[in-house]
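Enquirer: Dropping in my_file_13.pdb, with PDB, C-alpha atoms (C1' of nucleotides).
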```
ATOM      1  CA  MET U  24     -34.887  94.311 -23.770
ATOM      2  CA  PRO U  25     -32.557  96.726 -25.391
ATOM      3  CA  GLU U  26     -29.007  97.196 -24.228
ATOM      4  CA  LEU U  27     -26.291  99.448 -25.611
ATOM      5  CA  PRO U  28     -26.107  97.884 -29.110
ATOM      6  CA  GLU U  29     -29.870  97.937 -29.650
ATOM      7  CA  VAL U  30     -30.159 101.490 -28.322
ATOM      8  CA  GLU U  31     -27.274 102.565 -30.561
ATOM      9  CA  VAL U  32     -29.019 101.063 -33.607
ATOM     10  CA  VAL U  33     -32.195 102.949 -32.688
ATOM     11  CA  ARG U  34     -30.110 106.113 -32.220
ATOM     12  CA  ARG U  35     -28.702 105.801 -35.717
ATOM     13  CA  GLY U  36     -32.178 105.309 -37.116
ATOM     14  CA  LEU U  37     -33.411 108.404 -35.315
ATOM     15  CA  ALA U  38     -30.371 110.420 -36.392
ATOM     16  CA  ARG U  39     -31.259 109.588 -40.000
ATOM     17  CA  GLY U  40     -34.986 109.952 -39.485
ATOM     18  CA  VAL U  41     -35.810 112.822 -37.159
ATOM     19  CA  VAL U  42     -32.939 115.321 -37.150
ATOM     20  CA  GLY U  43     -34.136 118.591 -38.686
ATOM     21  CA  ARG U  44     -37.805 117.733 -38.263
ATOM     22  CA  THR U  45     -40.160 119.847 -36.161
ATOM     23  CA  VAL U  46     -42.766 118.472 -33.769
ATOM     24  CA  ASP U  47     -46.239 119.665 -34.676
ATOM     25  CA  ALA U  48     -48.320 117.719 -32.145
ATOM     26  CA  VAL U  49     -47.915 115.313 -29.244
ATOM     27  CA  GLU U  50     -50.393 112.698 -28.038
ATOM     28  CA  ALA U  51     -49.395 111.163 -24.726
ATOM     29  CA  THR U  52     -52.174 108.713 -23.921
ATOM     30  CA  GLY U  53     -50.040 106.598 -21.614
ATOM     31  CA  ALA U  54     -49.537 108.533 -18.398
ATOM     32  CA  ARG U  55     -46.985 106.053 -17.080
ATOM     33  CA  SER U  56     -44.738 106.605 -20.088
ATOM     34  CA  ILE U  57     -44.354 110.284 -19.187
ATOM     35  CA  ARG U  58     -44.464 109.798 -15.410
ATOM     36  CA  ARG U  59     -41.829 112.434 -14.649
ATOM     37  CA  HIS U  60     -44.211 115.047 -16.053
ATOM     38  CA  ALA U  61     -47.331 116.485 -14.413
ATOM     39  CA  ASP U  62     -49.584 115.479 -17.321
ATOM     40  CA  ALA U  63     -49.776 115.099 -21.084
ATOM     41  CA  ASP U  64     -50.243 118.826 -21.638
ATOM     42  CA  GLU U  65     -47.165 119.726 -19.685
ATOM     43  CA  PHE U  66     -45.119 117.118 -21.567
ATOM     44  CA  GLY U  67     -46.551 118.238 -24.902
ATOM     45  CA  GLY U  68     -45.840 121.858 -24.103
ATOM     46  CA  ALA U  69     -42.162 121.061 -23.754
ATOM     47  CA  VAL U  70     -41.987 119.271 -27.096
ATOM     48  CA  VAL U  71     -44.452 120.891 -29.518
ATOM     49  CA  GLY U  72     -42.809 123.434 -31.816
ATOM     50  CA  ARG U  73     -39.326 122.085 -31.169
ATOM     51  CA  THR U  74     -36.962 120.937 -33.901
ATOM     52  CA  VAL U  75     -34.664 117.959 -33.274
ATOM     53  CA  ARG U  76     -31.069 119.090 -33.659
ATOM     54  CA  ARG U  77     -29.220 115.839 -33.065
ATOM     55  CA  VAL U  78     -29.615 112.455 -31.433
ATOM     56  CA  ASP U  79     -27.106 111.110 -28.931
ATOM     57  CA  ARG U  80     -26.967 108.038 -26.695
ATOM     58  CA  ARG U  81     -25.822 107.776 -23.098
ATOM     59  CA  GLY U  82     -25.730 104.175 -21.865
ATOM     60  CA  LYS U  83     -29.191 102.820 -22.650
ATOM     61  CA  TYR U  84     -30.738 106.285 -22.837
ATOM     62  CA  LEU U  85     -31.532 108.112 -26.081
ATOM     63  CA  LEU U  86     -31.052 111.879 -26.093
ATOM     64  CA  LEU U  87     -32.994 113.870 -28.677
ATOM     65  CA  ARG U  88     -31.467 117.329 -28.453
ATOM     66  CA  LEU U  89     -34.013 120.033 -29.197
ATOM     67  CA  ASP U  90     -33.535 123.521 -30.556
ATOM     68  CA  ASP U  91     -34.155 125.222 -27.196
ATOM     69  CA  ASP U  92     -31.253 123.276 -25.648
ATOM     70  CA  SER U  93     -33.608 120.967 -23.781
ATOM     71  CA  VAL U  94     -33.299 117.207 -24.288
ATOM     72  CA  LEU U  95     -36.055 114.692 -24.935
ATOM     73  CA  VAL U  96     -34.755 111.622 -23.100
ATOM     74  CA  ALA U  97     -36.056 108.123 -23.881
ATOM     75  CA  HIS U  98     -35.429 104.808 -22.127
ATOM     76  CA  LEU U  99     -36.935 101.643 -23.634
ATOM     77  CA  ARG U 100     -36.428  99.444 -20.538
ATOM     78  CA  MET U 101     -37.732  95.917 -21.181
ATOM     79  CA  SER U 102     -40.279  96.256 -23.934
ATOM     80  CA  GLY U 103     -40.163  99.757 -25.401
ATOM     81  CA  GLN U 104     -39.926 100.491 -29.116
ATOM     82  CA  LEU U 105     -39.541 103.767 -30.999
ATOM     83  CA  ILE U 106     -41.061 103.367 -34.436
ATOM     84  CA  LEU U 107     -40.915 105.857 -37.307
ATOM     85  CA  THR U 108     -43.657 106.042 -39.874
ATOM     86  CA  ALA U 109     -44.151 108.457 -42.740
ATOM     87  CA  ASP U 110     -47.842 107.637 -42.819
ATOM     88  CA  ALA U 111     -49.787 108.928 -39.808
ATOM     89  CA  THR U 112     -52.888 107.012 -40.900
ATOM     90  CA  ARG U 113     -51.155 103.649 -40.501
ATOM     91  CA  PRO U 114     -52.825 101.696 -37.683
ATOM     92  CA  ARG U 115     -51.083 102.069 -34.341
ATOM     93  CA  ALA U 116     -49.663  99.027 -32.650
ATOM     94  CA  ARG U 117     -51.302  97.937 -29.412
ATOM     95  CA  HIS U 118     -49.670  99.685 -26.419
ATOM     96  CA  THR U 119     -48.757 102.819 -28.353
ATOM     97  CA  HIS U 120     -48.471 105.337 -25.504
ATOM     98  CA  VAL U 121     -46.881 108.435 -27.024
ATOM     99  CA  VAL U 122     -47.021 109.754 -30.592
ATOM    100  CA  LEU U 123     -45.058 112.729 -31.903
ATOM    101  CA  THR U 124     -46.374 114.050 -35.206
ATOM    102  CA  PHE U 125     -43.966 116.135 -37.244
ATOM    103  CA  THR U 126     -44.912 119.119 -39.384
ATOM    104  CA  ASP U 127     -44.302 116.989 -42.500
ATOM    105  CA  GLY U 128     -46.992 114.540 -41.363
ATOM    106  CA  GLY U 129     -44.702 111.700 -40.280
ATOM    107  CA  GLN U 130     -44.708 110.249 -36.785
ATOM    108  CA  LEU U 131     -42.444 108.871 -34.089
ATOM    109  CA  ARG U 132     -44.374 106.359 -31.970
ATOM    110  CA  PHE U 133     -43.444 105.018 -28.549
ATOM    111  CA  VAL U 134     -44.823 101.507 -28.088
ATOM    112  CA  ASP U 135     -44.297  99.753 -24.748
ATOM    113  CA  PRO U 136     -46.442  96.803 -23.546
ATOM    114  CA  ARG U 137     -44.922  96.595 -20.069
ATOM    115  CA  THR U 138     -44.843 100.372 -19.566
ATOM    116  CA  PHE U 139     -41.471 100.278 -17.801
ATOM    117  CA  GLY U 140     -39.981 102.596 -20.395
ATOM    118  CA  GLU U 141     -40.314 106.355 -20.299
ATOM    119  CA  LEU U 142     -39.899 109.645 -22.094
ATOM    120  CA  PHE U 143     -39.066 112.886 -20.337
ATOM    121  CA  VAL U 144     -37.803 116.312 -21.212
ATOM    122  CA  SER U 145     -34.740 117.488 -19.354
ATOM    123  CA  ALA U 146     -34.309 121.235 -19.298
ATOM    124  CA  THR U 147     -30.608 120.868 -18.610
ATOM    125  CA  ARG U 148     -28.435 123.368 -20.395
ATOM    126  CA  SER U 149     -25.027 122.393 -19.087
ATOM    127  CA  ARG U 150     -22.053 123.484 -21.186
ATOM    128  CA  ASP U 151     -21.024 119.945 -22.166
ATOM    129  CA  GLY U 152     -24.589 118.823 -22.919
ATOM    130  CA  ALA U 153     -24.733 116.431 -19.963
ATOM    131  CA  VAL U 154     -28.210 115.544 -18.706
ATOM    132  CA  VAL U 155     -28.387 116.056 -14.926
ATOM    133  CA  GLU U 156     -30.819 113.189 -14.458
ATOM    134  CA  LEU U 157     -28.192 110.824 -15.902
ATOM    135  CA  ALA U 158     -25.256 112.066 -13.856
ATOM    136  CA  SER U 159     -24.727 108.781 -12.005
ATOM    137  CA  LEU U 160     -24.080 106.742 -15.170
ATOM    138  CA  GLY U 161     -20.602 105.281 -15.543
ATOM    139  CA  PRO U 162     -18.394 105.799 -18.601
ATOM    140  CA  GLU U 163     -19.313 104.753 -22.133
ATOM    141  CA  PRO U 164     -17.845 101.334 -23.000
ATOM    142  CA  LEU U 165     -17.064 102.349 -26.588
ATOM    143  CA  ASP U 166     -15.489 105.727 -25.797
ATOM    144  CA  ARG U 167     -11.782 105.844 -26.617
ATOM    145  CA  ALA U 168     -11.286 107.496 -23.248
ATOM    146  CA  THR U 169     -12.644 104.385 -21.529
ATOM    147  CA  THR U 170      -9.328 102.548 -21.400
ATOM    148  CA  PRO U 171      -8.519  99.313 -19.568
ATOM    149  CA  ALA U 172      -7.088 101.479 -16.781
ATOM    150  CA  VAL U 173     -10.405 103.332 -16.464
ATOM    151  CA  LEU U 174     -12.253 100.032 -16.309
ATOM    152  CA  ALA U 175      -9.854  98.702 -13.689
ATOM    153  CA  ALA U 176     -10.314 101.815 -11.555
ATOM    154  CA  ARG U 177     -14.078 101.288 -11.563
ATOM    155  CA  LEU U 178     -14.040  97.546 -10.946
ATOM    156  CA  THR U 179     -11.213  96.582  -8.622
ATOM    157  CA  PRO U 180     -12.039  98.882  -5.660
ATOM    158  CA  ARG U 181     -15.420  97.171  -5.381
ATOM    159  CA  ARG U 182     -15.850  93.968  -3.432
ATOM    160  CA  THR U 183     -18.508  92.442  -5.613
ATOM    161  CA  ARG U 184     -18.910  89.926  -8.432
ATOM    162  CA  LEU U 185     -18.145  90.591 -12.066
ATOM    163  CA  LYS U 186     -21.665  90.303 -13.435
ATOM    164  CA  SER U 187     -23.179  92.434 -10.670
ATOM    165  CA  ALA U 188     -20.635  95.131 -11.443
ATOM    166  CA  LEU U 189     -21.235  94.953 -15.214
ATOM    167  CA  LEU U 190     -25.004  95.230 -14.746
ATOM    168  CA  ASP U 191     -24.618  98.236 -12.439
ATOM    169  CA  GLN U 192     -24.979 101.252 -14.757
ATOM    170  CA  ARG U 193     -22.880 103.352 -12.358
ATOM    171  CA  THR U 194     -19.855 101.129 -13.035
ATOM    172  CA  ILE U 195     -20.092 101.249 -16.801
ATOM    173  CA  ALA U 196     -23.124 102.348 -18.815
ATOM    174  CA  GLY U 197     -25.092 100.269 -21.295
ATOM    175  CA  ILE U 198     -24.404  96.629 -20.457
ATOM    176  CA  GLY U 199     -27.387  94.420 -19.614
ATOM    177  CA  ASN U 200     -28.092  90.749 -19.140
ATOM    178  CA  ILE U 201     -27.308  89.515 -22.649
ATOM    179  CA  TYR U 202     -24.065  91.391 -23.175
ATOM    180  CA  GLY U 203     -22.928  90.911 -19.576
ATOM    181  CA  ASP U 204     -22.936  87.149 -20.192
ATOM    182  CA  GLU U 205     -21.409  87.405 -23.663
ATOM    183  CA  ILE U 206     -18.623  89.738 -22.507
ATOM    184  CA  ALA U 207     -17.767  87.544 -19.522
ATOM    185  CA  PHE U 208     -17.546  84.494 -21.794
ATOM    186  CA  ARG U 209     -15.299  86.231 -24.297
ATOM    187  CA  ALA U 210     -13.064  87.431 -21.478
ATOM    188  CA  GLY U 211     -12.854  83.885 -20.069
ATOM    189  CA  LEU U 212     -14.176  85.073 -16.716
ATOM    190  CA  ARG U 213     -17.006  83.639 -14.650
ATOM    191  CA  HIS U 214     -19.996  85.777 -13.665
ATOM    192  CA  ASP U 215     -19.113  85.300 -10.001
ATOM    193  CA  HIS U 216     -15.440  86.238 -10.347
ATOM    194  CA  ARG U 217     -14.631  88.740  -7.597
ATOM    195  CA  THR U 218     -13.947  92.220  -8.959
ATOM    196  CA  ASP U 219     -11.318  92.946  -6.305
ATOM    197  CA  SER U 220      -9.258  89.978  -7.414
ATOM    198  CA  LEU U 221      -9.109  90.908 -11.108
ATOM    199  CA  THR U 222      -5.523  91.128 -12.364
ATOM    200  CA  PRO U 223      -4.458  93.778 -14.886
ATOM    201  CA  ALA U 224      -4.311  91.053 -17.544
ATOM    202  CA  GLU U 225      -7.857  89.953 -16.736
ATOM    203  CA  VAL U 226      -9.139  93.539 -16.885
ATOM    204  CA  ALA U 227      -7.390  93.962 -20.228
ATOM    205  CA  ARG U 228      -9.169  90.841 -21.536
ATOM    206  CA  LEU U 229     -12.458  92.115 -20.159
ATOM    207  CA  HIS U 230     -11.992  95.483 -21.817
ATOM    208  CA  ALA U 231     -11.150  93.907 -25.166
ATOM    209  CA  ALA U 232     -14.116  91.547 -24.888
ATOM    210  CA  MET U 233     -16.441  94.421 -24.019
ATOM    211  CA  VAL U 234     -15.405  96.491 -27.032
ATOM    212  CA  GLU U 235     -15.411  93.537 -29.430
ATOM    213  CA  VAL U 236     -18.782  92.156 -28.353
ATOM    214  CA  LEU U 237     -20.568  95.516 -28.300
ATOM    215  CA  ASP U 238     -19.052  96.625 -31.612
ATOM    216  CA  ALA U 239     -19.979  93.357 -33.309
ATOM    217  CA  ALA U 240     -23.512  93.526 -31.906
ATOM    218  CA  VAL U 241     -23.997  97.070 -33.231
ATOM    219  CA  ARG U 242     -22.743  95.961 -36.653
ATOM    220  CA  CYS U 243     -25.334  93.150 -36.598
ATOM    221  CA  GLY U 244     -28.139  95.544 -35.731
ATOM    222  CA  GLY U 245     -28.440  94.232 -32.155
ATOM    223  CA  SER U 246     -29.962  91.035 -30.726
ATOM    224  CA  SER U 247     -33.608  90.144 -31.309
ATOM    225  CA  LEU U 248     -34.785  87.248 -29.164
ATOM    226  CA  ALA U 249     -37.587  84.764 -29.697
ATOM    227  CA  ASP U 250     -40.358  87.102 -28.594
ATOM    228  CA  GLY U 251     -39.434  89.523 -31.390
ATOM    229  CA  GLN U 252     -39.628  92.496 -29.042
ATOM    230  CA  TYR U 253     -36.548  94.313 -30.205
ATOM    231  CA  VAL U 254     -36.765  96.027 -33.571
ATOM    232  CA  ASP U 255     -35.194  99.206 -34.934
ATOM    233  CA  VAL U 256     -37.074 102.390 -35.919
ATOM    234  CA  ASP U 257     -38.121 100.745 -39.189
ATOM    235  CA  GLY U 258     -39.386  97.601 -37.455
ATOM    236  CA  ARG U 259     -36.394  95.464 -38.467
ATOM    237  CA  ALA U 260     -34.908  92.803 -36.155
ATOM    238  CA  GLY U 261     -31.185  92.428 -35.437
ATOM    239  CA  THR U 262     -29.086  89.323 -36.101
ATOM    240  CA  TYR U 263     -26.539  89.242 -33.281
ATOM    241  CA  GLN U 264     -28.570  86.551 -31.469
ATOM    242  CA  HIS U 265     -27.074  84.138 -34.018
ATOM    243  CA  GLU U 266     -23.597  85.058 -32.748
ATOM    244  CA  HIS U 267     -24.338  84.480 -29.054
ATOM    245  CA  ALA U 268     -21.799  82.160 -27.467
ATOM    246  CA  VAL U 269     -23.693  81.542 -24.232
ATOM    247  CA  PHE U 270     -26.873  83.615 -23.887
ATOM    248  CA  ALA U 271     -29.999  81.454 -24.333
ATOM    249  CA  ARG U 272     -27.738  78.474 -25.182
ATOM    250  CA  ALA U 273     -28.134  76.485 -21.951
ATOM    251  CA  GLY U 274     -27.744  72.746 -22.580
ATOM    252  CA  GLU U 275     -26.009  73.300 -25.907
ATOM    253  CA  PRO U 276     -22.310  72.609 -26.458
ATOM    254  CA  CYS U 277     -19.788  75.403 -26.090
ATOM    255  CA  LEU U 278     -18.621  76.343 -29.588
ATOM    256  CA  ARG U 279     -15.082  76.675 -28.281
ATOM    257  CA  CYS U 280     -14.554  73.684 -25.948
ATOM    258  CA  GLY U 281     -17.620  71.492 -26.383
ATOM    259  CA  ARG U 282     -18.666  71.485 -22.716
ATOM    260  CA  THR U 283     -22.356  72.055 -22.010
ATOM    261  CA  ILE U 284     -23.393  75.679 -21.459
ATOM    262  CA  GLU U 285     -24.936  76.132 -18.025
ATOM    263  CA  ARG U 286     -27.677  78.435 -16.886
ATOM    264  CA  VAL U 287     -28.002  79.606 -13.304
ATOM    265  CA  ARG U 288     -29.843  82.295 -11.404
ATOM    266  CA  PHE U 289     -27.395  85.012 -10.377
ATOM    267  CA  ALA U 290     -27.965  88.575  -9.191
ATOM    268  CA  GLY U 291     -31.647  87.933  -9.781
ATOM    269  CA  ARG U 292     -31.078  87.305 -13.481
ATOM    270  CA  SER U 293     -30.698  84.261 -15.688
ATOM    271  CA  THR U 294     -26.991  83.786 -16.249
ATOM    272  CA  HIS U 295     -25.301  81.670 -18.919
ATOM    273  CA  PHE U 296     -21.699  80.484 -18.920
ATOM    274  CA  CYS U 297     -19.302  77.789 -20.069
ATOM    275  CA  PRO U 298     -17.820  75.811 -17.150
ATOM    276  CA  GLY U 299     -14.807  74.954 -19.288
ATOM    277  CA  CYS U 300     -13.881  78.355 -20.694
ATOM    278  CA  GLN U 301     -14.647  80.703 -17.803
ATOM    279  CA  HIS U 302     -12.759  80.916 -14.498
TER     280      HIS U 302
ATOM    281  C1'  DC K  27     -20.986  98.399   1.542
ATOM    282  C1'  DG K  28     -22.840  94.123  -0.827
ATOM    283  C1'  DC K  29     -26.573  91.216  -1.680
ATOM    284  C1'  DA K  30     -31.176  89.160  -2.190
ATOM    285  C1'  DT K  31     -35.764  90.230  -2.932
ATOM    286  C1'  DA K  32     -39.840  92.687  -4.376
ATOM    287  C1'  DT K  33     -41.896  95.881  -7.503
ATOM    288  C1'  DC K  34     -43.579  98.252 -11.633
ATOM    289  C1'  DC K  35     -46.549  95.694 -16.135
ATOM    290  C1'  DT K  36     -48.157  92.684 -20.249
ATOM    291  C1'  DG K  37     -47.575  88.724 -22.967
ATOM    292  C1'  DA K  38     -45.537  84.406 -24.361
ATOM    293  C1'  DC K  39     -44.777  79.945 -23.178
ATOM    294  C1'  DT K  40     -45.138  75.416 -20.392
ATOM    295  C1'  DG K  41     -47.408  71.759 -18.356
ATOM    296  C1'  DC K  42     -51.474  69.762 -16.685
TER     297       DC K  42
ATOM    298  C1'  DT D  19     -58.955  74.418 -25.553
ATOM    299  C1'  DG D  20     -58.416  76.315 -21.072
ATOM    300  C1'  DC D  21     -55.983  77.798 -17.251
ATOM    301  C1'  DA D  22     -52.541  78.491 -13.624
ATOM    302  C1'  DG D  23     -47.857  79.193 -13.041
ATOM    303  C1'  DT D  24     -43.373  80.892 -14.688
ATOM    304  C1'  DC D  25     -40.466  83.878 -16.944
ATOM    305  C1'  DA D  26     -38.710  88.028 -19.647
ATOM    306  C1'  DG D  27     -33.633  92.489 -22.541
ATOM    307  C1'  DG D  28     -34.228  97.157 -16.672
ATOM    308  C1'  DA D  29     -33.906 100.033 -12.793
ATOM    309  C1'  DT D  30     -34.892 101.080  -8.117
ATOM    310  C1'  DA D  31     -36.288 100.693  -3.216
ATOM    311  C1'  DT D  32     -35.962  98.097   0.958
ATOM    312  C1'  DG D  33     -34.187  95.315   4.542
ATOM    313  C1'  DC D  34     -30.578  92.257   6.276
TER     314       DC D  34
END
```
Here is a file; write its structure as structure tokens.

Expert:
Amino acid sequence: MPELPEVEVVRRGLARGVVGRTVDAVEATGARSIRRHADADEFGGAVVGRTVRRVDRRGKYLLLRLDDDSVLVAHLRMSGQLILTADATRPRARHTHVVLTFTDGGQLRFVDPRTFGELFVSATRSRDGAVVELASLGPEPLDRATTPAVLAARLTPRRTRLKSALLDQRTIAGIGNIYGDEIAFRAGLRHDHRTDSLTPAEVARLHAAMVEVLDAAVRCGGSSLADGQYVDVDGRAGTYQHEHAVFARAGEPCLRCGRTIERVRFAGRSTHFCPGCQH
DNA sequence: CGCATATCCTGACTGC
DNA sequence: TGCAGTCAGGATATGC
């Protein structure tokens, strides 16, 4: 479900909601959600008593930096949600697998029907705050340091297709199926455009499209699709789905040229594009 | 190396 | 209304 924009919106909610708060108790009833840990006690032992210092994001991962320099890492995968509630007595949603209760009585709940998501504590204390488990992630799309030249250096040496490269988190971190399609459309490039044939002008368009699409999506609070899975920490849906040019618009006219948006299976994922605007 | 496929799960939706 | 089949925002392992 969530890609960079959705994860960034959740990060902002957590930054407002949990920084400075101290974990009083942890209930980890879903073993799969903490699968990198031996058991619930071991996971709880790493979190209880800790105060959240700040919340960062790396690609689609959330990093809750704790006061012992460890990091509580969260990935929502397809169906995960992190929900804040001030009232611990409020009924828990079905598939609530991990609950952190703060000393003030509020809670952070991890809800995840498909159980693909996970929470783990990384003991990493590297100087720059990097999490060793996430070392293979590519650069951040919205970092100023991620210039068109950086993007070109990561794309053009590879002999693959544009969408495969965009979905590969080692190329660039945070882009998933929705934004891969939207970025390719805005750049005027087909999903199956070969990365090794991208010209500097095409990479420049791709870079601009990437920044514009992701920025706009963050400003809209992310994309919430028909199943209503994605919501922020307060349970609110995003609105960027109304701005989608191609994703989930198969059979509808392209808003730019009027041709019919197509949907194909590519790289194992549903892929949407305009046959008139993308080459 | 690149690519397709299967896998981990539950739930929503489609068509009979 | 019930039920089988299909599909889903991600990441990873495997085999060609």

Enquirer: For this file, the PyMOL selection byres ((chain U) within 12 of (chain K)) selects which residues, as a ChimeraX atom specification?

Expert: /U:55-56,100-103,117-118,135-140,180-184,187-188,217,249-252,288-292

Enquirer: Expand the PyMOL selection byres ((chain U) within 10 of (chain D)) into the explicit residue set it covers here, and present it as a VMD selection string.

Expert: chain U and resid 24 to 26 29 83 98 to 102 139 to 140 190 to 192 199 to 202 246 to 248 250 252 to 253 292 to 293

Enquirer: Provide the CA of Thr147 (chain U) to CA of Val70 (chain U) distance in Å, to one decimal place.

Expert: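 CA of Val70 (chain U) lies at a distance of 14.3 Å from CA of Thr147 (chain U).
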
Enquirer: Counting all atoms listed in the file, which of U:Val32, U:Leu157, U:Leu107, U:Val46 gets nearest to Thr124 (chain U)?

Expert: U:Val46

Enquirer: Suppose you want the space between CA of Lys186 (chain U) and CA of Cys300 (chain U); what is it in Å?

Expert: 16.0 Å

Enquirer: Need the shell around Leu131 (chain U): protein/DNA/RNA residues with any atom at most 7 Å away, counting all atoms listed in the file. Skip same-chain ones fewer than 4 positions apart. Format as a ChimeraX atom specification?

Expert: /U:105-108,122-124

Enquirer: Just give me the gap between CA of Thr45 (chain U) and CA of Arg132 (chain U) in Å, one decimal is fine.

Expert: 14.7 Å

Enquirer: Taking the file above as input, evaluate the PyMOL selection byres ((chain U and resi 175) around 10) and report the hits as an MDAnalysis selection string.

Expert: chainID U and resid 170:174 176:180 218:219 221:223 225:227 229:230

Enquirer: Where atoms are missing, can you supply N, CA and C atoms for region 191-202 of chain U and output the lot as an mmCIF file, in the frame of the given file?

Expert:
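Written output follows (result_31.cif):
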```
data_model
loop_
_atom_site.group_PDB
_atom_site.id
_atom_site.type_symbol
_atom_site.label_atom_id
_atom_site.label_comp_id
_atom_site.auth_asym_id
_atom_site.auth_seq_id
_atom_site.Cartn_x
_atom_site.Cartn_y
_atom_site.Cartn_z
ATOM 1 N N ASP U 191 -24.420 96.981 -13.167
ATOM 2 C CA ASP U 191 -24.618 98.236 -12.439
ATOM 3 C C ASP U 191 -24.223 99.396 -13.358
ATOM 4 N N GLN U 192 -25.207 100.186 -13.765
ATOM 5 C CA GLN U 192 -24.979 101.252 -14.757
ATOM 6 C C GLN U 192 -24.039 102.343 -14.246
ATOM 7 N N ARG U 193 -23.805 102.359 -12.913
ATOM 8 C CA ARG U 193 -22.880 103.352 -12.358
ATOM 9 C C ARG U 193 -21.427 102.935 -12.583
ATOM 10 N N THR U 194 -21.206 101.631 -12.773
ATOM 11 C CA THR U 194 -19.855 101.129 -13.035
ATOM 12 C C THR U 194 -19.444 101.463 -14.457
ATOM 13 N N ILE U 195 -20.313 101.040 -15.375
ATOM 14 C CA ILE U 195 -20.092 101.249 -16.801
ATOM 15 C C ILE U 195 -21.491 101.267 -17.408
ATOM 16 N N ALA U 196 -21.745 102.136 -18.358
ATOM 17 C CA ALA U 196 -23.124 102.348 -18.815
ATOM 18 C C ALA U 196 -23.461 101.561 -20.070
ATOM 19 N N GLY U 197 -24.578 100.854 -20.067
ATOM 20 C CA GLY U 197 -25.092 100.269 -21.295
ATOM 21 C C GLY U 197 -25.123 98.761 -21.373
ATOM 22 N N ILE U 198 -24.445 98.088 -20.421
ATOM 23 C CA ILE U 198 -24.404 96.629 -20.457
ATOM 24 C C ILE U 198 -25.579 96.064 -19.676
ATOM 25 N N GLY U 199 -26.262 95.075 -20.264
ATOM 26 C CA GLY U 199 -27.387 94.420 -19.614
ATOM 27 C C GLY U 199 -27.150 92.921 -19.547
ATOM 28 N N ASN U 200 -28.227 92.174 -19.403
ATOM 29 C CA ASN U 200 -28.092 90.749 -19.140
ATOM 30 C C ASN U 200 -27.478 89.947 -20.289
ATOM 31 N N ILE U 201 -27.858 90.257 -21.503
ATOM 32 C CA ILE U 201 -27.308 89.515 -22.649
ATOM 33 C C ILE U 201 -25.806 89.775 -22.780
ATOM 34 N N TYR U 202 -25.459 91.050 -22.880
ATOM 35 C CA TYR U 202 -24.065 91.391 -23.175
ATOM 36 C C TYR U 202 -23.160 91.192 -21.965
#
```
